[in-house]
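Below is one structure, written out as C-alpha coordinates; comments come after it.
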Amino acid sequence: MSIEKTQVREIAWLARLAIEDEAMAGYAKDMADILALVEQMQAVDTSAVEPLAHPLEIAAQLRPDSVNEENRREDFQQAAPLTRDGFYIVPRFVE
(Lines give C-alpha, C1' and ligand atoms only; values in the text may rest on other atoms or scores of the structure.)
Protein backbone atom coordinates (compact mmCIF):
# COMPACT_ATOMS: atom_id res chain seq x y z
CA MET A 1 0.00 0.00 0.00
CA SER A 2 1.29 3.41 -0.90
CA ILE A 3 1.00 6.36 1.45
CA GLU A 4 1.35 9.84 0.00
CA LYS A 5 2.76 12.92 1.68
CA THR A 6 -0.68 14.54 1.77
CA GLN A 7 -2.02 11.58 3.77
CA VAL A 8 0.91 11.83 6.18
CA ARG A 9 0.22 15.55 6.58
CA GLU A 10 -3.49 14.85 7.32
CA ILE A 11 -2.67 12.13 9.85
CA ALA A 12 -0.10 14.38 11.50
CA TRP A 13 -2.69 17.16 11.73
CA LEU A 14 -5.23 14.78 13.31
CA ALA A 15 -2.61 13.65 15.82
CA ARG A 16 -1.56 17.28 16.41
CA LEU A 17 2.03 16.52 15.38
CA ALA A 18 4.38 18.89 13.65
CA ILE A 19 6.36 17.08 10.96
CA GLU A 20 8.99 18.74 8.83
CA ASP A 21 8.56 18.45 5.06
CA GLU A 22 11.92 16.71 4.76
CA ALA A 23 10.72 13.91 7.07
CA MET A 24 7.43 13.27 5.22
CA ALA A 25 8.91 10.67 2.87
CA GLY A 26 10.31 8.65 5.77
CA TYR A 27 7.03 8.73 7.65
CA ALA A 28 5.14 7.73 4.51
CA LYS A 29 7.41 4.70 4.06
CA ASP A 30 7.09 3.71 7.73
CA MET A 31 3.29 3.94 7.58
CA ALA A 32 3.19 1.91 4.38
CA ASP A 33 5.36 -0.76 6.03
CA ILE A 34 3.04 -0.89 9.05
CA LEU A 35 -0.04 -1.24 6.86
CA ALA A 36 1.66 -3.97 4.83
CA LEU A 37 2.37 -5.87 8.04
CA VAL A 38 -1.28 -5.51 9.09
CA GLU A 39 -2.38 -6.88 5.70
CA GLN A 40 -0.06 -9.87 6.16
CA MET A 41 -1.50 -10.56 9.61
CA GLN A 42 -5.08 -10.28 8.34
CA ALA A 43 -4.32 -12.80 5.58
CA VAL A 44 -3.59 -15.54 8.14
CA ASP A 45 -6.48 -17.96 8.67
CA THR A 46 -7.31 -17.94 12.39
CA SER A 47 -10.73 -19.59 12.20
CA ALA A 48 -9.44 -22.76 13.92
CA VAL A 49 -7.67 -20.85 16.70
CA GLU A 50 -9.59 -20.70 19.96
CA PRO A 51 -9.43 -17.32 21.71
CA LEU A 52 -7.44 -17.16 24.93
CA ALA A 53 -7.92 -15.07 28.02
CA HIS A 54 -4.16 -15.22 28.59
CA PRO A 55 -1.34 -16.39 26.30
CA LEU A 56 -0.07 -18.86 28.91
CA GLU A 57 -2.44 -21.66 29.88
CA ILE A 58 -1.50 -21.92 33.56
CA ALA A 59 -3.69 -22.06 36.61
CA ALA A 60 -3.21 -19.51 39.34
CA GLN A 61 -1.18 -20.87 42.21
CA LEU A 62 -3.11 -20.12 45.36
CA ARG A 63 -1.71 -20.20 48.84
CA PRO A 64 -3.64 -21.95 51.59
CA ASP A 65 -6.11 -19.67 53.37
CA SER A 66 -4.82 -19.88 56.91
CA VAL A 67 -4.20 -17.48 59.78
CA ASN A 68 -0.49 -16.79 60.08
CA GLU A 69 -0.52 -13.88 62.57
CA GLU A 70 -2.18 -13.41 65.89
CA ASN A 71 -4.72 -10.67 66.52
CA ARG A 72 -2.81 -7.78 68.13
CA ARG A 73 -5.59 -5.17 67.99
CA GLU A 74 -5.44 -4.47 71.73
CA ASP A 75 -1.67 -3.97 71.60
CA PHE A 76 -1.98 -1.50 68.73
CA GLN A 77 -4.90 0.36 70.28
CA GLN A 78 -3.06 1.00 73.54
CA ALA A 79 -1.16 3.81 71.79
CA ALA A 80 -4.32 5.37 70.35
CA PRO A 81 -5.79 8.38 72.17
CA LEU A 82 -9.42 7.14 71.95
CA THR A 83 -10.92 3.71 71.21
CA ARG A 84 -14.28 2.09 71.78
CA ASP A 85 -15.42 -1.49 71.09
CA GLY A 86 -12.25 -2.22 69.12
CA PHE A 87 -12.54 0.88 66.89
CA TYR A 88 -10.47 4.04 66.75
CA ILE A 89 -12.34 7.22 67.65
CA VAL A 90 -11.39 10.18 65.43
CA PRO A 91 -12.78 13.70 65.14
CA ARG A 92 -15.69 14.11 62.73
CA PHE A 93 -14.63 15.93 59.55
CA VAL A 94 -17.62 15.38 57.24
CA GLU A 95 -20.87 17.17 57.93
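Chains: A, B, ... in order of the C-alpha coordinates. Residues: from 1 per chain. Ligands: from 1, in order shown.
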Requested in this report: List every residue of chain A that DSSP, applied to the backbone, labels as strand (DSSP E), and write the result as a list in words.
Outcome: Thr83, Arg84, Phe87 and Tyr88 of chain A
**Report entry** Selection: 10 Å around range 3-12 of chain A, only C-alpha atoms, excl. self and same-chain fewer than 2 positions, as an MDAnalysis selection string
**Finding:** chainID A and resid 1 14:21 23:33 35
Report task. Find the distance between CA of Glu39 in chain A and CA of Glu22 in chain A and write it in Å to one decimal. Result -> 27.6 Å
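Among the candidates A:Ala36, A:Ala79, A:Val67, A:Ile58, the one nearest to Ser2 in chain A when counting only C-alpha atoms is A:Ala36.
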Report task. Can you check which residues of chain A DSSP gives as alpha helix (DSSP H) on the backbone and send them as an NGL selection string? Result -> :A and (5-14 or 24-43 or 73-77)
Preceding selection exported with N, CA, C and O atoms as a short mmCIF file (atom, residue, chain, number, x, y, z; two decimals), in the first residue's frame:
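Result written to out.cif:
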data_model
loop_
_atom_site.label_atom_id
_atom_site.label_comp_id
_atom_site.auth_asym_id
_atom_site.auth_seq_id
_atom_site.Cartn_x
_atom_site.Cartn_y
_atom_site.Cartn_z
N LYS A 5 2.39 11.88 0.72
CA LYS A 5 2.76 12.92 1.68
C LYS A 5 1.53 13.68 2.19
O LYS A 5 1.48 14.08 3.35
N THR A 6 0.53 13.84 1.33
CA THR A 6 -0.68 14.54 1.77
C THR A 6 -1.40 13.75 2.87
O THR A 6 -1.93 14.33 3.81
N GLN A 7 -1.40 12.41 2.74
CA GLN A 7 -2.02 11.58 3.77
C GLN A 7 -1.24 11.67 5.09
O GLN A 7 -1.84 11.72 6.17
N VAL A 8 0.08 11.69 4.98
CA VAL A 8 0.91 11.83 6.18
C VAL A 8 0.63 13.17 6.83
O VAL A 8 0.49 13.26 8.06
N ARG A 9 0.50 14.21 6.04
CA ARG A 9 0.22 15.55 6.58
C ARG A 9 -1.15 15.56 7.29
O ARG A 9 -1.28 16.13 8.37
N GLU A 10 -2.16 14.91 6.70
CA GLU A 10 -3.49 14.85 7.32
C GLU A 10 -3.46 14.07 8.63
O GLU A 10 -4.06 14.49 9.63
N ILE A 11 -2.77 12.94 8.63
CA ILE A 11 -2.67 12.13 9.85
C ILE A 11 -1.92 12.89 10.93
O ILE A 11 -2.31 12.88 12.11
N ALA A 12 -0.86 13.58 10.54
CA ALA A 12 -0.10 14.38 11.50
C ALA A 12 -0.97 15.49 12.08
O ALA A 12 -0.93 15.78 13.28
N TRP A 13 -1.81 16.11 11.24
CA TRP A 13 -2.69 17.16 11.73
C TRP A 13 -3.71 16.60 12.71
O TRP A 13 -3.97 17.19 13.76
N LEU A 14 -4.27 15.41 12.40
CA LEU A 14 -5.23 14.78 13.31
C LEU A 14 -4.59 14.43 14.65
O LEU A 14 -5.23 14.52 15.70
N MET A 24 8.69 13.85 5.70
CA MET A 24 7.43 13.27 5.22
C MET A 24 7.65 11.95 4.47
O MET A 24 6.89 11.00 4.67
N ALA A 25 8.67 11.88 3.65
CA ALA A 25 8.91 10.67 2.87
C ALA A 25 9.21 9.49 3.79
O ALA A 25 8.73 8.36 3.58
N GLY A 26 9.99 9.72 4.82
CA GLY A 26 10.31 8.65 5.77
C GLY A 26 9.10 8.17 6.52
O GLY A 26 8.89 6.96 6.70
N TYR A 27 8.25 9.12 6.96
CA TYR A 27 7.03 8.73 7.65
C TYR A 27 6.08 7.99 6.72
O TYR A 27 5.41 7.04 7.13
N ALA A 28 6.00 8.40 5.48
CA ALA A 28 5.14 7.73 4.51
C ALA A 28 5.59 6.28 4.32
O ALA A 28 4.76 5.36 4.27
N LYS A 29 6.89 6.06 4.23
CA LYS A 29 7.41 4.70 4.06
C LYS A 29 7.12 3.87 5.31
O LYS A 29 6.69 2.71 5.21
N ASP A 30 7.34 4.45 6.49
CA ASP A 30 7.09 3.71 7.73
C ASP A 30 5.62 3.33 7.86
O ASP A 30 5.29 2.20 8.24
N MET A 31 4.72 4.25 7.51
CA MET A 31 3.29 3.94 7.58
C MET A 31 2.90 2.87 6.58
O MET A 31 2.10 1.99 6.88
N ALA A 32 3.48 2.94 5.39
CA ALA A 32 3.19 1.91 4.38
C ALA A 32 3.68 0.55 4.85
O ALA A 32 3.00 -0.46 4.65
N ASP A 33 4.84 0.50 5.51
CA ASP A 33 5.36 -0.76 6.03
C ASP A 33 4.45 -1.32 7.13
O ASP A 33 4.19 -2.53 7.18
N ILE A 34 3.94 -0.45 7.99
CA ILE A 34 3.04 -0.89 9.05
C ILE A 34 1.75 -1.45 8.46
O ILE A 34 1.26 -2.51 8.86
N LEU A 35 1.19 -0.76 7.48
CA LEU A 35 -0.04 -1.24 6.86
C LEU A 35 0.18 -2.54 6.10
O LEU A 35 -0.70 -3.41 6.08
N ALA A 36 1.35 -2.71 5.50
CA ALA A 36 1.66 -3.97 4.83
C ALA A 36 1.73 -5.12 5.84
O ALA A 36 1.26 -6.23 5.57
N LEU A 37 2.31 -4.85 7.00
CA LEU A 37 2.37 -5.87 8.04
C LEU A 37 0.97 -6.24 8.52
O LEU A 37 0.66 -7.42 8.72
N VAL A 38 0.10 -5.24 8.67
CA VAL A 38 -1.28 -5.51 9.09
C VAL A 38 -1.99 -6.36 8.04
O VAL A 38 -2.73 -7.30 8.37
N GLU A 39 -1.77 -6.07 6.77
CA GLU A 39 -2.38 -6.88 5.70
C GLU A 39 -1.89 -8.31 5.76
O GLU A 39 -2.68 -9.25 5.57
N GLN A 40 -0.60 -8.52 6.04
CA GLN A 40 -0.06 -9.87 6.16
C GLN A 40 -0.73 -10.60 7.33
O GLN A 40 -1.10 -11.78 7.22
N MET A 41 -0.90 -9.92 8.44
CA MET A 41 -1.50 -10.56 9.61
C MET A 41 -2.97 -10.87 9.36
O MET A 41 -3.48 -11.90 9.82
N GLN A 42 -3.68 -10.02 8.63
CA GLN A 42 -5.08 -10.28 8.34
C GLN A 42 -5.25 -11.42 7.34
O GLN A 42 -6.31 -12.05 7.30
N ALA A 43 -4.23 -11.72 6.56
CA ALA A 43 -4.32 -12.80 5.58
C ALA A 43 -4.21 -14.18 6.23
O ALA A 43 -4.57 -15.18 5.61
N ARG A 73 -4.83 -6.42 67.98
CA ARG A 73 -5.59 -5.17 67.99
C ARG A 73 -5.42 -4.43 69.32
O ARG A 73 -5.18 -3.22 69.34
N GLU A 74 -5.54 -5.13 70.43
CA GLU A 74 -5.44 -4.47 71.73
C GLU A 74 -4.07 -3.86 71.95
O GLU A 74 -3.94 -2.76 72.50
N ASP A 75 -3.03 -4.54 71.48
CA ASP A 75 -1.67 -3.97 71.60
C ASP A 75 -1.54 -2.68 70.80
O ASP A 75 -0.96 -1.71 71.27
N PHE A 76 -2.09 -2.68 69.59
CA PHE A 76 -1.98 -1.50 68.73
C PHE A 76 -2.84 -0.36 69.25
O PHE A 76 -2.47 0.80 69.17
N GLN A 77 -4.00 -0.68 69.83
CA GLN A 77 -4.90 0.36 70.28
C GLN A 77 -4.48 0.99 71.61
O GLN A 77 -5.01 2.03 71.99
#
**Report entry** Straight-line distance linking CA of Ala80 in chain A with CA of Arg92 in chain A, stated in Å to one decimal
**Finding:** 16.2 Å
